[in-house]
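Structure file query_7.pdb (PDB, C-alpha atoms) follows.
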```
ATOM      1  CA  MET A   1     105.121  14.809 113.417
ATOM      2  CA  LYS A   2     106.787  12.672 116.058
ATOM      3  CA  LYS A   3     107.531  14.131 119.465
ATOM      4  CA  SER A   4     111.312  13.693 119.044
ATOM      5  CA  THR A   5     111.224  15.502 115.664
ATOM      6  CA  THR A   6     109.250  18.386 117.175
ATOM      7  CA  ILE A   7     111.746  18.739 120.018
ATOM      8  CA  PHE A   8     114.641  18.627 117.528
ATOM      9  CA  VAL A   9     113.044  21.382 115.403
ATOM     10  CA  LEU A  10     112.423  23.559 118.482
ATOM     11  CA  VAL A  11     116.019  23.101 119.649
ATOM     12  CA  CYS A  12     117.255  24.100 116.178
ATOM     13  CA  ILE A  13     115.069  27.212 116.119
ATOM     14  CA  ILE A  14     116.162  28.266 119.601
ATOM     15  CA  SER A  15     119.817  27.708 118.678
ATOM     16  CA  VAL A  16     119.488  29.852 115.564
ATOM     17  CA  LEU A  17     117.825  32.620 117.554
ATOM     18  CA  ILE A  18     120.522  32.560 120.218
ATOM     19  CA  PHE A  19     123.455  32.437 117.799
ATOM     20  CA  THR A  20     122.075  35.196 115.561
ATOM     21  CA  GLY A  21     121.566  37.433 118.562
ATOM     22  CA  PHE A  22     117.795  37.643 118.339
ATOM     23  CA  GLY A  23     116.552  38.466 121.788
ATOM     24  CA  CYS A  24     120.054  38.578 123.251
ATOM     25  CA  LYS A  25     121.759  41.218 121.185
ATOM     26  CA  ALA A  26     125.256  42.332 122.182
ATOM     27  CA  LYS A  27     124.708  44.744 124.985
ATOM     28  CA  GLU A  28     123.917  48.229 123.740
ATOM     29  CA  ALA A  29     122.333  50.050 126.618
ATOM     30  CA  LYS A  30     118.822  51.286 125.987
ATOM     31  CA  ILE A  31     118.070  54.942 126.473
ATOM     32  CA  SER A  32     115.156  56.129 128.479
ATOM     33  CA  ALA A  33     113.625  59.557 128.765
ATOM     34  CA  ASP A  34     113.175  58.917 132.480
ATOM     35  CA  ASN A  35     116.708  57.885 133.517
ATOM     36  CA  PRO A  36     120.161  59.448 133.467
ATOM     37  CA  LEU A  37     122.913  57.778 131.462
ATOM     38  CA  PRO A  38     124.994  55.111 133.197
ATOM     39  CA  ASP A  39     128.497  56.325 134.128
ATOM     40  CA  GLU A  40     130.126  54.332 131.307
ATOM     41  CA  ALA A  41     128.072  56.289 128.720
ATOM     42  CA  PHE A  42     129.844  59.592 129.486
ATOM     43  CA  LYS A  43     132.549  59.007 126.857
ATOM     44  CA  ALA A  44     132.941  61.528 124.053
ATOM     45  CA  GLU A  45     135.512  62.552 121.511
ATOM     46  CA  ILE A  46     135.271  66.274 120.811
ATOM     47  CA  ALA A  47     137.254  68.141 118.150
ATOM     48  CA  VAL A  48     137.004  71.755 117.026
ATOM     49  CA  VAL A  49     136.749  71.746 113.232
ATOM     50  CA  ASP A  50     137.303  75.460 112.591
ATOM     51  CA  GLN A  51     139.809  77.095 114.914
ATOM     52  CA  ARG A  52     138.896  80.727 115.537
ATOM     53  CA  ALA A  53     141.766  83.029 116.482
ATOM     54  CA  SER A  54     139.508  85.836 117.678
ATOM     55  CA  LEU A  55     135.882  86.735 118.323
ATOM     56  CA  LYS A  56     134.108  89.959 119.190
ATOM     57  CA  MET A  57     133.406  90.631 122.842
ATOM     58  CA  ASN A  58     129.846  90.085 124.144
ATOM     59  CA  SER A  59     128.656  88.558 120.867
ATOM     60  CA  THR A  60     127.331  85.218 119.690
ATOM     61  CA  SER A  61     129.053  83.186 116.990
ATOM     62  CA  THR A  62     129.091  79.622 115.770
ATOM     63  CA  VAL A  63     132.059  77.279 115.871
ATOM     64  CA  LYS A  64     132.028  73.926 114.056
ATOM     65  CA  VAL A  65     132.664  71.100 116.518
ATOM     66  CA  LYS A  66     132.745  67.366 115.800
ATOM     67  CA  VAL A  67     131.343  65.117 118.516
ATOM     68  CA  LYS A  68     131.645  61.329 118.587
ATOM     69  CA  ASN A  69     129.870  58.964 120.985
ATOM     70  CA  LEU A  70     132.573  56.588 122.289
ATOM     71  CA  SER A  71     130.214  54.662 124.555
ATOM     72  CA  LYS A  72     127.939  51.679 123.959
ATOM     73  CA  THR A  73     124.867  53.731 124.889
ATOM     74  CA  THR A  74     122.755  55.869 122.580
ATOM     75  CA  TRP A  75     122.687  59.495 123.712
ATOM     76  CA  PRO A  76     119.230  61.089 123.788
ATOM     77  CA  SER A  77     118.734  64.288 121.809
ATOM     78  CA  LYS A  78     116.774  67.408 122.591
ATOM     79  CA  GLN A  79     113.445  65.539 122.543
ATOM     80  CA  GLU A  80     114.306  63.543 125.663
ATOM     81  CA  LYS A  81     114.073  64.587 129.331
ATOM     82  CA  TYR A  82     117.785  64.101 130.033
ATOM     83  CA  SER A  83     119.064  65.484 126.753
ATOM     84  CA  ILE A  84     122.727  65.518 125.788
ATOM     85  CA  ASN A  85     124.045  68.873 124.593
ATOM     86  CA  LEU A  86     127.345  70.353 123.510
ATOM     87  CA  ALA A  87     128.287  73.319 125.682
ATOM     88  CA  TYR A  88     131.441  75.083 126.840
ATOM     89  CA  HIS A  89     133.273  76.829 129.652
ATOM     90  CA  TRP A  90     135.281  80.037 129.285
ATOM     91  CA  LEU A  91     138.600  79.920 131.145
ATOM     92  CA  ASP A  92     141.254  82.583 131.589
ATOM     93  CA  LYS A  93     144.816  81.797 130.495
ATOM     94  CA  SER A  94     145.634  80.365 133.944
ATOM     95  CA  GLY A  95     142.721  77.914 133.686
ATOM     96  CA  LYS A  96     140.363  79.719 136.105
ATOM     97  CA  VAL A  97     136.709  79.371 135.106
ATOM     98  CA  ILE A  98     135.206  82.674 133.935
ATOM     99  CA  VAL A  99     131.917  81.297 132.559
ATOM    100  CA  HIS A 100     130.901  77.792 133.666
ATOM    101  CA  ASP A 101     127.608  77.256 131.825
ATOM    102  CA  GLY A 102     127.945  78.258 128.182
ATOM    103  CA  GLU A 103     125.190  78.202 125.577
ATOM    104  CA  ARG A 104     123.797  74.784 124.675
ATOM    105  CA  THR A 105     123.866  73.233 121.220
ATOM    106  CA  PRO A 106     121.521  70.249 121.025
ATOM    107  CA  LEU A 107     122.183  67.054 119.133
ATOM    108  CA  PRO A 108     120.020  66.991 115.975
ATOM    109  CA  ASN A 109     118.835  63.464 116.888
ATOM    110  CA  ASN A 110     119.771  60.555 119.139
ATOM    111  CA  LEU A 111     123.448  59.678 118.663
ATOM    112  CA  GLY A 112     124.253  55.962 118.677
ATOM    113  CA  PRO A 113     127.472  54.237 119.715
ATOM    114  CA  ASP A 114     130.503  55.112 117.530
ATOM    115  CA  LYS A 115     128.441  57.687 115.619
ATOM    116  CA  GLU A 116     129.564  61.264 115.152
ATOM    117  CA  VAL A 117     128.053  64.569 114.167
ATOM    118  CA  VAL A 118     129.421  68.009 113.286
ATOM    119  CA  LEU A 119     127.575  70.748 115.145
ATOM    120  CA  ASP A 120     127.469  74.501 114.690
ATOM    121  CA  ALA A 121     128.094  75.291 118.343
ATOM    122  CA  ASN A 122     126.468  78.472 119.617
ATOM    123  CA  VAL A 123     129.168  80.419 121.468
ATOM    124  CA  LYS A 124     128.579  83.643 123.418
ATOM    125  CA  THR A 125     131.805  85.445 124.223
ATOM    126  CA  PRO A 126     132.668  87.044 127.583
ATOM    127  CA  ASP A 127     131.805  90.722 128.060
ATOM    128  CA  GLN A 128     135.433  91.727 128.612
ATOM    129  CA  ALA A 129     138.254  91.700 126.079
ATOM    130  CA  GLY A 130     141.166  89.367 126.733
ATOM    131  CA  GLU A 131     142.895  86.084 126.020
ATOM    132  CA  TYR A 132     140.661  83.114 126.855
ATOM    133  CA  ILE A 133     140.386  79.366 126.514
ATOM    134  CA  CYS A 134     137.077  77.983 125.282
ATOM    135  CA  GLU A 135     136.629  74.429 126.594
ATOM    136  CA  PHE A 136     133.961  72.395 124.787
ATOM    137  CA  ASP A 137     132.298  69.592 126.718
ATOM    138  CA  MET A 138     129.182  67.469 126.514
ATOM    139  CA  VAL A 139     126.578  67.718 129.249
ATOM    140  CA  GLN A 140     123.591  65.604 130.201
ATOM    141  CA  GLU A 141     121.109  68.138 131.491
ATOM    142  CA  SER A 142     120.204  67.814 135.167
ATOM    143  CA  VAL A 143     122.871  65.106 135.570
ATOM    144  CA  ALA A 144     126.545  65.892 134.846
ATOM    145  CA  TRP A 145     129.191  67.321 132.569
ATOM    146  CA  PHE A 146     131.023  64.557 130.701
ATOM    147  CA  LYS A 147     134.389  65.924 131.936
ATOM    148  CA  ASP A 148     133.268  65.281 135.525
ATOM    149  CA  LYS A 149     132.741  61.609 134.588
ATOM    150  CA  GLY A 150     136.230  61.275 133.059
ATOM    151  CA  SER A 151     135.610  62.181 129.409
ATOM    152  CA  ASN A 152     137.950  64.408 127.409
ATOM    153  CA  THR A 153     137.128  67.943 126.339
ATOM    154  CA  ALA A 154     138.385  70.115 123.463
ATOM    155  CA  LYS A 155     140.090  73.430 124.237
ATOM    156  CA  ILE A 156     140.924  76.303 121.930
ATOM    157  CA  ASP A 157     142.628  79.616 122.586
ATOM    158  CA  ILE A 158     140.525  82.614 121.534
ATOM    159  CA  LYS A 159     141.289  86.308 121.717
ATOM    160  CA  VAL A 160     138.140  88.235 122.605
ATOM    161  CA  GLU A 161     138.300  91.781 121.211
TER     162      GLU A 161
END
```
Starting from the file, give its structure as structure tokens.
Amino acid sequence: MKKSTTIFVLVCIISVLIFTGFGCKAKEAKISADNPLPDEAFKAEIAVVDQRASLKMNSTSTVKVKVKNLSKTTWPSKQEKYSINLAYHWLDKSGKVIVHDGERTPLPNNLGPDKEVVLDANVKTPDQAGEYICEFDMVQESVAWFKDKGSNTAKIDIKVE
């Protein structure tokens, strides 16, 4: 093969690789068990699937909650060091925090960009009867609550009896 033909073939191969994204894929951030998420990865859509009007005081129940990853970063599940979990805060009717760190519900596996999952959230009710707000939020353990990074939460009113 002539030198000019070889160069032409190499240029064609490199062009194909570049234009098909091989080696320079559109930027989806890589996850690492050793690093926290970048700030732009703290974007979730959370929706309560089954609205509970009341729960028994000082008990544990499950509430179905849909979680969607709105970022371009895959969220690590329970197998990773900085796992992402669904959790909640209990607030009184005025919005004052009663319980800050609710039970954790792990993701069943890593959750990629624009993917969603419905979780059976483990919810432990306060030990006093009353009208409360249960605020669901995602949390990256040892790093931050998603709400603190600007993400939305899902709130439901629950009567604890």
From A:Asp114, A:Glu103, A:Glu40, A:Asp157, residue lying nearest A:Cys134 [only C-alpha atoms]
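Of A:Asp114, A:Glu103, A:Glu40, A:Asp157, the one nearest A:Cys134 is A:Asp157, counting only C-alpha atoms.
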- Task: For A:Glu141, work out the shell of residues within 6 Å, counting only C-alpha atoms and skipping chain neighbours fewer than 2 positions away, then give it as a list in words.
- Result: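 The residues satisfying every condition are Tyr82, Ser83, Val139 and Val143 of chain A.
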Shortest contact to A:Asp127, candidates A:Ala87, A:Val99, A:Pro38, A:Pro76, atoms counted all atoms listed in the file, goes to A:Val99
Nearest residue to A:Asn152 from the set A:Leu37, A:Ile46, A:Leu107, A:Leu70 (distances using all atoms listed in the file):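 Of A:Leu37, A:Ile46, A:Leu107, A:Leu70, the one nearest A:Asn152, counting all atoms listed in the file, is A:Ile46.
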_Atomic separation - atom CA of A:Asp148 relative to atom CA of A:Glu116, Å_ =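 About the pair atom CA of A:Glu116 and atom CA of A:Asp148: they are 21.1 Å apart.
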Among the residues A:Gln128, A:Gln51, A:Ser71, A:Ser151, the one that comes closest to A:Trp90 [using all atoms listed in the file]
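Among the listed residues, A:Gln128 lies closest to A:Trp90.
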Since I can't run it myself right now, could you work out what the PyMOL selection byres ((chain A and resi 67) around 9) selects here and report it as an NGL selection string? :A and (44-48 or 65-66 or 68-69 or 86 or 115-119 or 138)
Among A:Ser142, A:Tyr88, A:Met57, A:Pro36, A:Ala121 is approached most closely, using only C-alpha atoms, by A:Tyr88
Discussion item. Using all atoms listed in the file, can you tell me which of A:Ala41, A:Leu111, A:Val160, A:Ala144 comes closest to A:Ser77?
Written reply: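 Once distances to A:Ser77 are computed over all atoms listed in the file, the minimum belongs to A:Leu111.
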Stretch 95-106 of chain A: axis-aligned bounding box, 4 Å on each side, centre and edge lengths in Å, one decimal, as AutoDock Vina command-line options:
```
--center_x 132.1 --center_y 76.5 --center_z 128.6 --size_x 29.2 --size_y 20.4 --size_z 23.1
```
*asked:* Please compute the atom CA of A:Glu161-atom CA of A:Ser54 distance, one decimal, in Å.
replied: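 Atom CA of A:Glu161 sits 7.0 Å away from atom CA of A:Ser54.
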Correct to one decimal, the distance atom CA of A:Ser61-atom CA of A:Trp75 is 25.4 Å
Apply the PyMOL selection byres ((chain A and resi 62) around 10) to the file shown and report the selected residues as a JSON list (two decimals) with C-alpha atoms, in the coordinates of the input.
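Contents of selection39.json, as written:
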```
[["chain", "number", "residue", "atom", "x", "y", "z"],
["A", 50, "ASP", "CA", 137.30, 75.46, 112.59],
["A", 52, "ARG", "CA", 138.90, 80.73, 115.54],
["A", 60, "THR", "CA", 127.33, 85.22, 119.69],
["A", 61, "SER", "CA", 129.05, 83.19, 116.99],
["A", 63, "VAL", "CA", 132.06, 77.28, 115.87],
["A", 64, "LYS", "CA", 132.03, 73.93, 114.06],
["A", 65, "VAL", "CA", 132.66, 71.10, 116.52],
["A", 105, "THR", "CA", 123.87, 73.23, 121.22],
["A", 119, "LEU", "CA", 127.58, 70.75, 115.14],
["A", 120, "ASP", "CA", 127.47, 74.50, 114.69],
["A", 121, "ALA", "CA", 128.09, 75.29, 118.34],
["A", 122, "ASN", "CA", 126.47, 78.47, 119.62],
["A", 123, "VAL", "CA", 129.17, 80.42, 121.47],
["A", 124, "LYS", "CA", 128.58, 83.64, 123.42]]
```
